[in-house]
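Asks: Structure file structure_12.cif, mmCIF, C-alpha atoms, is pasted below:
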```cif
data_upload
loop_
_atom_site.label_atom_id
_atom_site.label_comp_id
_atom_site.auth_asym_id
_atom_site.auth_seq_id
_atom_site.Cartn_x
_atom_site.Cartn_y
_atom_site.Cartn_z
CA MET A 6 182.25 3.73 26.05
CA SER A 7 184.88 2.33 28.42
CA GLU A 8 183.81 0.36 31.48
CA SER A 9 185.21 3.00 33.83
CA ARG A 10 183.31 5.79 32.04
CA LEU A 11 180.13 3.71 32.20
CA TRP A 12 180.66 3.13 35.94
CA ASP A 13 181.11 6.89 36.44
CA ASP A 14 177.89 7.63 34.55
CA VAL A 15 175.88 5.07 36.52
CA ASP A 16 177.25 6.37 39.82
CA ALA A 17 176.33 9.91 38.80
CA TYR A 18 172.80 8.78 37.90
CA PHE A 19 172.38 6.97 41.24
CA ALA A 20 173.74 9.94 43.15
CA THR A 21 171.43 12.40 41.38
CA HIS A 22 168.27 10.46 42.18
CA LEU A 23 169.09 8.52 45.35
CA ALA A 24 172.02 10.18 47.13
CA PRO A 25 172.16 13.85 46.14
CA GLU A 26 174.96 15.84 47.75
CA ASP A 27 174.13 19.14 49.39
CA GLU A 28 176.52 22.08 49.49
CA VAL A 29 178.06 20.90 52.77
CA LEU A 30 179.11 17.59 51.25
CA ARG A 31 180.32 19.21 48.02
CA ALA A 32 182.34 21.73 50.03
CA ALA A 33 183.91 18.91 52.05
CA LEU A 34 185.19 17.33 48.85
CA ARG A 35 186.36 20.67 47.41
CA ASP A 36 188.25 21.61 50.56
CA SER A 37 189.80 18.14 50.79
CA GLU A 38 191.03 18.42 47.21
CA ALA A 39 192.33 21.95 47.77
CA ALA A 40 194.29 20.71 50.80
CA GLY A 41 195.92 17.99 48.72
CA LEU A 42 194.16 15.04 50.34
CA PRO A 43 194.01 11.91 48.16
CA ALA A 44 190.75 11.43 46.26
CA ILE A 45 189.85 8.22 48.10
CA ALA A 46 186.72 9.26 50.00
CA VAL A 47 183.63 7.12 49.57
CA THR A 48 181.27 8.05 46.74
CA ALA A 49 177.90 9.63 47.43
CA PRO A 50 176.01 6.32 46.91
CA GLN A 51 178.47 4.63 49.27
CA GLY A 52 178.06 7.40 51.82
CA LYS A 53 174.30 7.04 51.60
CA LEU A 54 174.65 3.29 52.13
CA LEU A 55 176.63 3.91 55.32
CA GLN A 56 174.00 6.37 56.48
CA LEU A 57 171.19 3.90 55.78
CA LEU A 58 173.02 1.12 57.61
CA ALA A 59 173.42 3.38 60.63
CA GLN A 60 169.74 4.36 60.48
CA ILE A 61 168.55 0.77 60.06
CA GLN A 62 170.77 -0.14 62.99
CA GLY A 63 169.25 2.64 65.08
CA ALA A 64 172.82 3.63 65.86
CA ARG A 65 173.48 6.05 68.69
CA THR A 66 177.25 5.52 68.75
CA ILE A 67 179.59 5.08 65.77
CA LEU A 68 183.32 4.45 65.57
CA GLU A 69 185.14 5.34 62.34
CA LEU A 70 188.73 4.36 61.57
CA GLY A 71 190.07 6.71 58.92
CA THR A 72 188.58 10.21 58.83
CA LEU A 73 190.39 11.63 55.79
CA GLY A 74 188.53 14.91 55.05
CA GLY A 75 185.39 13.99 56.96
CA TYR A 76 183.15 13.21 53.97
CA SER A 77 182.10 9.75 55.14
CA THR A 78 181.99 11.09 58.69
CA ILE A 79 179.31 13.60 57.72
CA TRP A 80 177.19 10.93 56.03
CA LEU A 81 177.42 8.72 59.11
CA ALA A 82 176.92 11.45 61.70
CA ARG A 83 173.76 12.62 59.98
CA ALA A 84 172.20 9.28 60.91
CA LEU A 85 172.71 9.90 64.63
CA PRO A 86 170.24 11.45 67.06
CA ALA A 87 171.08 14.82 68.57
CA ASP A 88 172.62 13.13 71.61
CA GLY A 89 174.51 10.55 69.55
CA ARG A 90 178.27 10.21 69.37
CA LEU A 91 180.73 9.49 66.57
CA VAL A 92 184.42 8.99 67.31
CA SER A 93 186.64 9.14 64.23
CA LEU A 94 190.33 8.19 64.32
CA GLU A 95 192.71 9.85 61.86
CA TYR A 96 196.46 9.30 61.57
CA SER A 97 197.33 12.58 59.83
CA PRO A 98 197.07 15.88 61.75
CA GLU A 99 196.73 17.71 58.44
CA ASN A 100 193.83 15.54 57.33
CA ALA A 101 192.22 15.88 60.74
CA GLU A 102 192.26 19.69 60.54
CA VAL A 103 190.53 19.62 57.17
CA ALA A 104 187.99 17.13 58.52
CA LYS A 105 187.27 19.19 61.63
CA ARG A 106 186.51 22.26 59.51
CA ASN A 107 184.24 20.25 57.23
CA ILE A 108 182.44 18.66 60.18
CA ALA A 109 181.96 22.05 61.87
CA ARG A 110 180.53 23.50 58.65
CA ALA A 111 178.04 20.61 58.67
CA GLY A 112 176.98 21.57 62.20
CA LEU A 113 178.11 18.20 63.53
CA ASP A 114 181.05 19.18 65.72
CA LYS A 115 178.99 18.60 68.87
CA VAL A 116 178.33 15.01 67.79
CA VAL A 117 181.67 14.12 66.17
CA GLU A 118 185.04 13.86 67.90
CA VAL A 119 188.14 13.46 65.70
CA ARG A 120 191.11 11.91 67.49
CA VAL A 121 194.53 12.26 65.91
CA GLY A 122 197.29 9.66 65.89
CA PRO A 123 197.90 6.05 64.89
CA ALA A 124 194.66 4.14 65.37
CA LEU A 125 196.46 1.29 67.12
CA GLU A 126 197.51 3.79 69.79
CA SER A 127 194.15 5.57 69.95
CA LEU A 128 192.09 2.38 70.22
CA PRO A 129 193.54 1.16 73.56
CA ARG A 130 193.03 4.63 75.03
CA LEU A 131 189.46 4.65 73.79
CA ALA A 132 188.81 1.20 75.24
CA ALA A 133 190.24 2.31 78.60
CA GLU A 134 187.54 5.00 78.75
CA ASN A 135 184.93 2.20 78.80
CA PRO A 136 182.76 3.95 76.22
CA GLY A 137 180.16 1.18 76.02
CA PRO A 138 179.56 -0.81 72.87
CA PHE A 139 179.56 1.06 69.58
CA ASP A 140 176.53 0.29 67.44
CA LEU A 141 178.46 0.55 64.17
CA VAL A 142 182.15 0.50 63.32
CA PHE A 143 183.39 1.67 59.91
CA ILE A 144 186.95 0.55 59.10
CA ASP A 145 188.54 2.53 56.27
CA ALA A 146 192.15 3.06 57.29
CA ASP A 147 195.50 1.51 56.31
CA LYS A 148 194.65 -1.93 55.00
CA GLY A 149 197.70 -3.75 56.31
CA ASN A 150 196.37 -3.34 59.84
CA ASN A 151 192.84 -4.49 59.03
CA PRO A 152 193.12 -7.68 61.13
CA ARG A 153 194.02 -5.70 64.23
CA TYR A 154 191.30 -3.17 63.52
CA VAL A 155 188.73 -5.98 63.32
CA GLU A 156 189.98 -7.37 66.63
CA TRP A 157 189.60 -3.95 68.24
CA ALA A 158 186.17 -3.54 66.68
CA LEU A 159 185.14 -6.75 68.43
CA GLU A 160 186.45 -5.36 71.72
CA LEU A 161 184.42 -2.19 71.30
CA THR A 162 181.09 -3.62 70.12
CA GLY A 163 178.36 -5.85 71.52
CA PRO A 164 175.67 -8.22 70.28
CA GLY A 165 173.84 -6.74 67.32
CA SER A 166 176.56 -4.24 66.42
CA LEU A 167 177.66 -3.89 62.78
CA ILE A 168 181.22 -3.79 61.48
CA VAL A 169 181.85 -2.49 57.96
CA VAL A 170 185.28 -2.98 56.37
CA ASP A 171 185.80 -0.93 53.21
CA ASN A 172 187.99 -1.63 50.16
CA VAL A 173 188.25 -5.39 50.57
CA VAL A 174 188.50 -6.32 46.87
CA ARG A 175 191.65 -4.35 46.07
CA GLY A 176 190.92 -4.45 42.33
CA GLY A 177 190.57 -8.22 42.51
CA ARG A 178 194.00 -8.74 44.05
CA VAL A 179 192.44 -10.07 47.26
CA ALA A 180 191.81 -13.40 45.52
CA ASP A 181 195.55 -13.99 44.99
CA PRO A 182 197.07 -15.66 48.06
CA GLY A 183 200.55 -15.16 46.64
CA ASN A 184 200.29 -11.38 46.36
CA PRO A 185 202.75 -10.03 48.97
CA ALA A 186 201.36 -6.48 49.11
CA PRO A 187 200.55 -5.46 52.70
CA ASP A 188 197.10 -4.18 51.74
CA VAL A 189 196.23 -7.51 50.13
CA GLN A 190 197.63 -9.66 52.91
CA GLY A 191 196.07 -7.49 55.61
CA THR A 192 192.69 -7.64 53.91
CA ARG A 193 192.88 -11.41 53.35
CA THR A 194 193.83 -12.01 56.97
CA ALA A 195 191.00 -9.78 58.18
CA LEU A 196 188.42 -11.51 56.00
CA GLU A 197 189.57 -14.95 57.08
CA LEU A 198 189.48 -13.83 60.72
CA ILE A 199 185.93 -12.56 60.25
CA GLY A 200 184.89 -15.75 58.48
CA ARG A 201 186.01 -18.09 61.24
CA HIS A 202 185.18 -15.95 64.25
CA PRO A 203 182.36 -17.46 66.32
CA ARG A 204 181.03 -14.01 67.27
CA LEU A 205 180.58 -12.79 63.71
CA SER A 206 178.22 -13.45 60.82
CA ALA A 207 179.41 -11.75 57.65
CA THR A 208 179.50 -11.38 53.92
CA ALA A 209 181.47 -9.35 51.38
CA ILE A 210 180.16 -7.61 48.29
CA GLN A 211 182.05 -6.62 45.15
CA THR A 212 181.27 -3.16 43.76
CA VAL A 213 182.10 -1.05 40.72
CA GLY A 214 181.73 2.70 40.43
CA SER A 215 183.58 5.97 40.08
CA LYS A 216 186.26 4.65 42.46
CA GLY A 217 186.82 1.57 40.28
CA TYR A 218 186.50 -2.11 41.18
CA ASP A 219 186.38 -2.79 44.91
CA GLY A 220 183.92 -3.81 47.61
CA PHE A 221 183.18 -4.03 51.30
CA ALA A 222 182.62 -6.58 54.05
CA LEU A 223 179.69 -6.39 56.43
CA ALA A 224 179.71 -8.30 59.72
CA ARG A 225 177.15 -8.54 62.51
CA VAL A 226 178.29 -9.22 66.04
CA LEU A 227 176.38 -12.20 67.40
CA ALA A 228 177.46 -12.33 71.02
#
```
Take the structure from the file and write it as structure tokens.

Replies:
Amino acid sequence: MSESRLWDDVDAYFATHLAPEDEVLRAALRDSEAAGLPAIAVTAPQGKLLQLLAQIQGARTILELGTLGGYSTIWLARALPADGRLVSLEYSPENAEVAKRNIARAGLDKVVEVRVGPALESLPRLAAENPGPFDLVFIDADKGNNPRYVEWALELTGPGSLIVVDNVVRGGRVADPGNPAPDVQGTRTALELIGRHPRLSATAIQTVGSKGYDGFALARVLA
């Protein structure tokens, strides 16, 4: 059995027993595929991890960068109380429309707001609204801009908030300082920023699964 097939089988086993998808989540993936969205959403075990982090955090407000079809959004929003708030930023209007339908089907459209446009334009507007600190920020957008997304996450969080940066391993390419790819350089710069920032305590974890070899960084805002 190939490694990738083994990873798929283990992910399926974990999902069956620890992170089972209901029809709402399965429909979100089906509709995303039917609309031609790339198959880059988090896996069910990863979605459950995000949900658990939000629950452990006692999150009432969540900021997500990169909505795609709303699959991760649903996992996260389900951790919020009825009066909670999740703001998700999505570059593509087409993706956002798919996500909004999936979120409405989940009964979460009163909790979730999807804002369309480049995140680096949406973030200053969001900050100008003085929304108060977000309890959790999930960064899963274009990787070349990860350093700027981390900087904005710091602007929009407070002591005790969590920042999660997805896809930081890049198939192992992140360890190569000479790799010129924007996703690699953006991720390296973001990780090094996180590592030296006096307001952050962080780690990064490598993962394998049905989406291949990757990982995530987790940072806690100290002050």

Asks: List the spatial neighbours of segment 101-103 of chain A as a list in words - criterion: any atom at most 8 Å away, all atoms listed in the file, same-chain residues fewer than 4 positions off excluded.

Replies: Asp36, Ser37, Ala40, Thr72, Leu73, Gly74, Gly75, Glu95, Tyr96, Ser97, Asn107, Val119, Arg120 and Val121 of chain A

Asks: Nearest to Ala24 of chain A: which of A:Leu68, A:Ser7, A:Ala222, A:Trp80 is it, counting only C-alpha atoms?

Replies: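 Answer, going by the shortest atom-to-atom distance: A:Trp80.
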
Asks: Using only C-alpha atoms, which residue out of A:Asn150, A:Ser166, A:Ser127, A:Thr21 lies closest to Leu223 of chain A?

Replies: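 Distance minimum relative to Leu223 of chain A lands on A:Ser166.
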
Asks: Taking 6 positions as the minimum chain separation for residues in the same chain, which residues sit within 9 Å of Ser206 of chain A when counting all atoms listed in the file? Answer as a list of chain:residue names.

Replies: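 Here the answer would be A:Ile199, A:Gly200, A:Leu223, A:Ala224, A:Arg225, A:Val226, A:Leu227.
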
Asks: Measuring atom to atom with only C-alpha atoms, identify which of A:Val179, A:Ala186, A:Val173, A:Leu91 is nearest to Thr212 of chain A.

Replies: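 The answer is A:Val173, which sits nearest to Thr212 of chain A.
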